[in-house]
file query-v1.cif (mmCIF, C-alpha atoms)
data_structure
loop_
_atom_site.label_atom_id
_atom_site.label_comp_id
_atom_site.auth_asym_id
_atom_site.auth_seq_id
_atom_site.Cartn_x
_atom_site.Cartn_y
_atom_site.Cartn_z
CA MET A 1 -29.08 -5.88 20.76
CA SER A 2 -29.09 -8.18 17.71
CA VAL A 3 -26.53 -10.89 17.01
CA PHE A 4 -25.09 -8.77 14.23
CA ASP A 5 -24.78 -5.75 16.55
CA ASP A 6 -22.98 -7.90 19.14
CA TRP A 7 -20.64 -9.27 16.49
CA ALA A 8 -19.93 -5.80 15.03
CA GLU A 9 -19.13 -4.45 18.49
CA TYR A 10 -16.78 -7.40 19.06
CA VAL A 11 -15.00 -6.73 15.73
CA VAL A 12 -14.58 -3.04 16.60
CA ASP A 13 -13.13 -3.97 19.98
CA ILE A 14 -10.69 -6.43 18.37
CA LEU A 15 -9.63 -3.91 15.71
CA HIS A 16 -9.09 -1.23 18.34
CA ALA A 17 -7.06 -3.52 20.59
CA GLU A 18 -4.94 -4.93 17.74
CA SER A 19 -4.35 -1.47 16.28
CA LYS A 20 -3.31 -0.12 19.66
CA HIS A 21 -1.03 -3.11 20.20
CA ALA A 22 0.61 -2.63 16.78
CA GLY A 23 1.12 1.07 17.59
CA SER A 24 2.87 0.19 20.85
CA LEU A 25 5.26 -2.22 19.09
CA VAL A 26 6.07 -0.33 15.90
CA GLN A 27 6.84 3.36 15.43
CA HIS A 28 7.65 3.19 11.71
CA PRO A 29 4.65 4.68 9.84
CA VAL A 30 4.80 2.31 6.84
CA LEU A 31 5.03 -0.81 9.00
CA LEU A 32 2.25 0.44 11.25
CA GLY A 33 0.07 1.23 8.24
CA ASN A 34 0.72 -2.22 6.77
CA ALA A 35 -0.25 -3.86 10.06
CA ARG A 36 -3.49 -1.90 10.25
CA GLU A 37 -4.33 -2.67 6.62
CA ALA A 38 -3.81 -6.36 7.38
CA LEU A 39 -6.22 -6.08 10.31
CA ILE A 40 -8.95 -4.67 8.05
CA GLN A 41 -8.23 -7.30 5.40
CA GLY A 42 -8.50 -10.04 8.05
CA VAL A 43 -11.92 -8.89 9.21
CA LEU A 44 -13.18 -8.65 5.63
CA ALA A 45 -11.83 -12.13 4.83
CA ARG A 46 -13.95 -13.56 7.64
CA ILE A 47 -17.20 -12.01 6.47
CA LEU A 48 -17.04 -11.87 2.67
CA PRO A 49 -18.08 -14.85 0.55
CA ASN A 50 -15.29 -16.95 -0.95
CA ALA A 51 -16.13 -15.51 -4.39
CA TYR A 52 -14.15 -12.40 -3.42
CA GLU A 53 -10.47 -11.84 -2.71
CA ILE A 54 -8.97 -9.11 -0.57
CA GLY A 55 -5.63 -7.55 -1.35
CA SER A 56 -3.79 -4.33 -1.99
CA GLY A 57 -2.16 -2.83 -5.05
CA VAL A 58 -3.18 -0.82 -8.08
CA LEU A 59 -6.11 -1.05 -10.47
CA THR A 60 -5.79 -0.88 -14.23
CA ASP A 61 -8.23 -0.45 -17.08
CA SER A 62 -8.24 -1.53 -20.72
CA TYR A 63 -6.79 1.84 -21.75
CA ASP A 64 -3.55 1.31 -19.77
CA LYS A 65 -4.50 3.83 -17.07
CA GLN A 66 -3.63 2.88 -13.49
CA SER A 67 -4.84 4.02 -10.11
CA LYS A 68 -2.55 5.07 -7.32
CA GLN A 69 -1.67 2.44 -4.72
CA ILE A 70 -4.83 1.29 -2.91
CA ASP A 71 -4.66 -0.04 0.67
CA VAL A 72 -7.49 -2.57 0.50
CA VAL A 73 -9.09 -3.93 -2.67
CA ILE A 74 -12.08 -6.29 -2.76
CA ALA A 75 -12.26 -8.07 -6.11
CA ARG A 76 -13.91 -11.04 -7.76
CA ARG A 77 -11.81 -14.21 -7.60
CA ASP A 78 -12.97 -15.32 -11.04
CA SER A 79 -11.04 -12.49 -12.72
CA PRO A 80 -7.28 -12.45 -13.16
CA ALA A 81 -4.99 -10.27 -11.08
CA LEU A 82 -1.28 -9.85 -11.70
CA ARG A 83 0.60 -10.83 -8.54
CA LEU A 84 3.71 -8.81 -7.68
CA ALA A 85 6.55 -9.60 -5.31
CA GLY A 86 5.58 -8.76 -1.74
CA GLY A 87 1.93 -9.69 -2.20
CA ALA A 88 0.70 -6.56 -4.00
CA LYS A 89 -1.44 -7.07 -7.10
CA VAL A 90 -2.57 -5.29 -10.23
CA PHE A 91 -6.36 -5.68 -10.38
CA LEU A 92 -8.49 -5.25 -13.48
CA ILE A 93 -11.03 -2.50 -12.77
CA GLU A 94 -13.83 -4.72 -14.05
CA SER A 95 -13.19 -7.20 -11.23
CA VAL A 96 -13.11 -4.66 -8.38
CA ILE A 97 -16.10 -4.48 -6.05
CA ALA A 98 -14.75 -1.90 -3.57
CA THR A 99 -11.61 -0.11 -2.42
CA ILE A 100 -10.70 1.13 1.05
CA GLU A 101 -8.05 3.57 2.20
CA VAL A 102 -6.66 2.98 5.72
CA LYS A 103 -5.08 5.84 7.63
CA SER A 104 -3.45 5.49 11.04
CA HIS A 105 -3.68 9.24 11.61
CA LEU A 106 -6.24 11.38 9.84
CA ASN A 107 -5.33 15.00 9.28
CA SER A 108 -5.73 17.35 6.32
CA LYS A 109 -2.66 15.91 4.55
CA THR A 110 -3.58 12.23 4.93
CA LEU A 111 -7.23 12.96 4.11
CA HIS A 112 -6.13 14.66 0.89
CA GLU A 113 -3.89 11.65 0.06
CA ALA A 114 -6.73 9.19 0.70
CA LEU A 115 -9.18 11.19 -1.41
CA SER A 116 -6.60 11.49 -4.20
CA ASN A 117 -6.14 7.70 -4.18
CA CYS A 118 -9.91 7.23 -4.33
CA ALA A 119 -10.20 9.74 -7.18
CA SER A 120 -7.56 7.83 -9.15
CA VAL A 121 -9.85 4.78 -9.07
CA GLY A 122 -12.76 6.89 -10.28
CA GLU A 123 -10.75 7.99 -13.31
CA LEU A 124 -10.47 4.43 -14.62
CA GLN A 125 -12.86 3.34 -17.36
CA PRO A 126 -14.23 -0.18 -17.07
CA LYS A 127 -15.38 -1.94 -20.20
CA ALA A 128 -18.67 -3.77 -20.20
CA GLU A 129 -17.64 -6.41 -22.72
CA GLU A 130 -16.79 -9.85 -21.47
CA THR A 131 -13.48 -9.85 -23.36
CA SER A 132 -12.02 -6.67 -21.86
CA TYR A 133 -9.68 -8.53 -19.51
CA VAL A 134 -8.29 -10.40 -22.51
CA GLU A 135 -7.32 -7.06 -24.10
CA VAL A 136 -5.54 -5.87 -20.96
CA MET A 137 -3.70 -9.14 -20.51
CA SER A 138 -2.60 -9.28 -24.16
CA LYS A 139 -1.12 -5.76 -23.84
CA LYS A 140 0.92 -7.12 -20.93
CA ASP A 141 2.28 -9.97 -23.13
CA PHE A 142 -0.09 -12.59 -21.73
CA MET A 143 -1.79 -15.12 -23.97
CA VAL A 144 -5.27 -16.54 -23.39
CA ASP A 145 -5.79 -20.15 -24.40
CA SER A 146 -9.13 -21.33 -25.80
CA ASP A 147 -10.04 -22.67 -22.34
CA GLY A 148 -9.43 -19.23 -20.76
CA THR A 149 -6.08 -20.13 -19.15
CA LEU A 150 -3.60 -17.24 -19.00
CA HIS A 151 0.12 -17.63 -19.55
CA HIS A 152 2.94 -15.24 -20.33
CA GLU A 153 4.45 -15.30 -23.82
CA ASN A 154 7.86 -16.23 -22.34
CA ASP A 155 6.48 -19.29 -20.52
#

call {"tool": "encode", "arguments": {"input": "query-v1.cif", "output": "structure tokens"}}
result
Amino acid sequence: MSVFDDWAEYVVDILHAESKHAGSLVQHPVLLGNAREALIQGVLARILPNAYEIGSGVLTDSYDKQSKQIDVVIARRDSPALRLAGGAKVFLIESVIATIEVKSHLNSKTLHEALSNCASVGELQPKAEETSYVEVMSKKDFMVDSDGTLHHEND
């Protein structure tokens, strides 16, 4: 077995044990889901380059369309994200590399919910121009200085 195979098996074992432990401590579905999402985010944080951030929230495009809530978002750190109370973020679609839906129990209902969340990401329309994030931020009352620094009009 290769080093990567050994490591991947170790990660699966850790995820399984931590998920099982969380399930034995918490019965509330939202809290349990949050704990399991954090486990996935933790593993990704250890293997992804520092150029990427991992979070959760919604994605938005330059046309003011938004996705549904996404459990795990992998995005470029060099693009802005609007931070919300509680740690959730609004990510610009142009900065997003991947999205992941985490389900503690998979049945026809939760599968449909996960696929619907994924489809909402697919409906967003990224812009190829370099200035697209500026357009989105200005619609949200943010100003972009000549050096690229963002600040809110009220600041």

call {"tool": "atom_distance", "arguments": {"input": "query-v1.cif", "atom1": "atom CA of Glu113 of chain A", "atom2": "atom CA of Gly33 of chain A"}}
result
13.8 Å

call {"tool": "resolve_selection", "arguments": {"input": "query-v1.cif", "expression": "the PyMOL selection byres ((chain A and resi 18-22) around 9)", "output": "JSON, numbers by chain"}}
result
{"A": [13, 14, 15, 16, 17, 23, 24, 25, 26, 27, 32, 35, 36, 39, 104]}

call {"tool": "residues_around", "arguments": {"input": "query-v1.cif", "residues": "Pro126 of chain A", "least_positions_apart": "5", "cutoff": "10 Å", "atoms": "all atoms listed in the file", "output": "MDAnalysis selection string"}}
result
chainID A and resid 60:63 92:96 132:133

call {"tool": "closest_residue", "arguments": {"input": "query-v1.cif", "among": "A:Gly122, A:Pro80, A:Gly42, A:Gly86", "to": "Thr99 of chain A", "atoms": "only C-alpha atoms"}}
result
A:Gly122

call {"tool": "atom_distance", "arguments": {"input": "query-v1.cif", "atom1": "atom CA of Ile54 of chain A", "atom2": "atom CA of Ala75 of chain A"}}
result
6.5 Å

call {"tool": "atom_distance", "arguments": {"input": "query-v1.cif", "atom1": "atom CA of Pro49 of chain A", "atom2": "atom CA of Arg76 of chain A"}}
result
10.0 Å

call {"tool": "closest_residue", "arguments": {"input": "query-v1.cif", "among": "A:Glu123, A:Leu59, A:Ser116, A:Asp64", "to": "Glu101 of chain A", "atoms": "all atoms listed in the file"}}
result
A:Ser116

call {"tool": "closest_residue", "arguments": {"input": "query-v1.cif", "among": "A:His112, A:Ala119, A:His105, A:Val90", "to": "Pro29 of chain A", "atoms": "all atoms listed in the file"}}
result
A:His105

call {"tool": "axis_aligned_box", "arguments": {"input": "query-v1.cif", "around": "segment 55-72 of chain A", "padding_each_side": "4 Å", "output": "AutoDock Vina command-line options"}}
result
--center_x -5.0 --center_y -1.2 --center_z -10.5 --size_x 14.6 --size_y 20.6 --size_z 30.4

call {"tool": "resolve_selection", "arguments": {"input": "query-v1.cif", "expression": "the PyMOL selection byres ((chain A and resi 82) around 10)", "output": "list in words"}}
result
Gly57, Val58, Pro80, Ala81, Arg83, Leu84, Ala88, Lys89, Val90, Phe91, Leu92, Met137 and Lys140 of chain A

call {"tool": "resolve_selection", "arguments": {"input": "query-v1.cif", "expression": "the PyMOL selection byres ((chain A and resi 114) around 12)", "output": "list in words"}}
result
Lys68, Gln69, Ile70, Asp71, Val72, Thr99, Ile100, Glu101, Val102, Lys103, Ser104, His105, Leu106, Asn107, Ser108, Lys109, Thr110, Leu111, His112, Glu113, Leu115, Ser116, Asn117, Cys118, Ala119, Ser120 and Val121 of chain A

call {"tool": "build_atoms", "arguments": {"input": "query-v1.cif", "residues": "segment 7-18 of chain A", "atoms": "N, CA, C and O atoms", "output": "PDB file, in the frame of the given file"}}
result
ATOM      1  N   TRP A   7     -21.813  -8.886  17.256  1.00  0.00           N
ATOM      2  CA  TRP A   7     -20.640  -9.270  16.490  1.00  0.00           C
ATOM      3  C   TRP A   7     -19.873  -8.036  16.027  1.00  0.00           C
ATOM      4  O   TRP A   7     -18.651  -7.989  16.113  1.00  0.00           O
ATOM      5  N   ALA A   8     -20.579  -7.023  15.509  1.00  0.00           N
ATOM      6  CA  ALA A   8     -19.930  -5.800  15.030  1.00  0.00           C
ATOM      7  C   ALA A   8     -19.196  -5.098  16.171  1.00  0.00           C
ATOM      8  O   ALA A   8     -18.071  -4.618  15.984  1.00  0.00           O
ATOM      9  N   GLU A   9     -19.783  -5.059  17.339  1.00  0.00           N
ATOM     10  CA  GLU A   9     -19.130  -4.450  18.490  1.00  0.00           C
ATOM     11  C   GLU A   9     -17.864  -5.224  18.867  1.00  0.00           C
ATOM     12  O   GLU A   9     -16.818  -4.634  19.177  1.00  0.00           O
ATOM     13  N   TYR A  10     -17.945  -6.551  18.797  1.00  0.00           N
ATOM     14  CA  TYR A  10     -16.780  -7.400  19.060  1.00  0.00           C
ATOM     15  C   TYR A  10     -15.668  -7.106  18.069  1.00  0.00           C
ATOM     16  O   TYR A  10     -14.500  -6.958  18.452  1.00  0.00           O
ATOM     17  N   VAL A  11     -15.998  -7.004  16.776  1.00  0.00           N
ATOM     18  CA  VAL A  11     -15.000  -6.730  15.730  1.00  0.00           C
ATOM     19  C   VAL A  11     -14.347  -5.369  15.977  1.00  0.00           C
ATOM     20  O   VAL A  11     -13.123  -5.226  15.867  1.00  0.00           O
ATOM     21  N   VAL A  12     -15.131  -4.371  16.314  1.00  0.00           N
ATOM     22  CA  VAL A  12     -14.580  -3.040  16.600  1.00  0.00           C
ATOM     23  C   VAL A  12     -13.621  -3.109  17.782  1.00  0.00           C
ATOM     24  O   VAL A  12     -12.532  -2.524  17.745  1.00  0.00           O
ATOM     25  N   ASP A  13     -14.007  -3.835  18.816  1.00  0.00           N
ATOM     26  CA  ASP A  13     -13.130  -3.970  19.980  1.00  0.00           C
ATOM     27  C   ASP A  13     -11.817  -4.651  19.611  1.00  0.00           C
ATOM     28  O   ASP A  13     -10.734  -4.229  20.047  1.00  0.00           O
ATOM     29  N   ILE A  14     -11.895  -5.709  18.804  1.00  0.00           N
ATOM     30  CA  ILE A  14     -10.690  -6.430  18.370  1.00  0.00           C
ATOM     31  C   ILE A  14      -9.804  -5.519  17.529  1.00  0.00           C
ATOM     32  O   ILE A  14      -8.584  -5.457  17.733  1.00  0.00           O
ATOM     33  N   LEU A  15     -10.407  -4.812  16.563  1.00  0.00           N
ATOM     34  CA  LEU A  15      -9.630  -3.910  15.710  1.00  0.00           C
ATOM     35  C   LEU A  15      -8.945  -2.833  16.544  1.00  0.00           C
ATOM     36  O   LEU A  15      -7.781  -2.501  16.314  1.00  0.00           O
ATOM     37  N   HIS A  16      -9.672  -2.273  17.483  1.00  0.00           N
ATOM     38  CA  HIS A  16      -9.090  -1.230  18.340  1.00  0.00           C
ATOM     39  C   HIS A  16      -7.925  -1.773  19.144  1.00  0.00           C
ATOM     40  O   HIS A  16      -6.844  -1.158  19.202  1.00  0.00           O
ATOM     41  N   ALA A  17      -8.115  -2.942  19.771  1.00  0.00           N
ATOM     42  CA  ALA A  17      -7.060  -3.520  20.590  1.00  0.00           C
ATOM     43  C   ALA A  17      -5.839  -3.895  19.751  1.00  0.00           C
ATOM     44  O   ALA A  17      -4.701  -3.600  20.132  1.00  0.00           O
ATOM     45  N   GLU A  18      -6.060  -4.535  18.605  1.00  0.00           N
ATOM     46  CA  GLU A  18      -4.940  -4.930  17.740  1.00  0.00           C
ATOM     47  C   GLU A  18      -4.206  -3.715  17.179  1.00  0.00           C
ATOM     48  O   GLU A  18      -2.983  -3.704  17.080  1.00  0.00           O
TER      49      GLU A  18
END
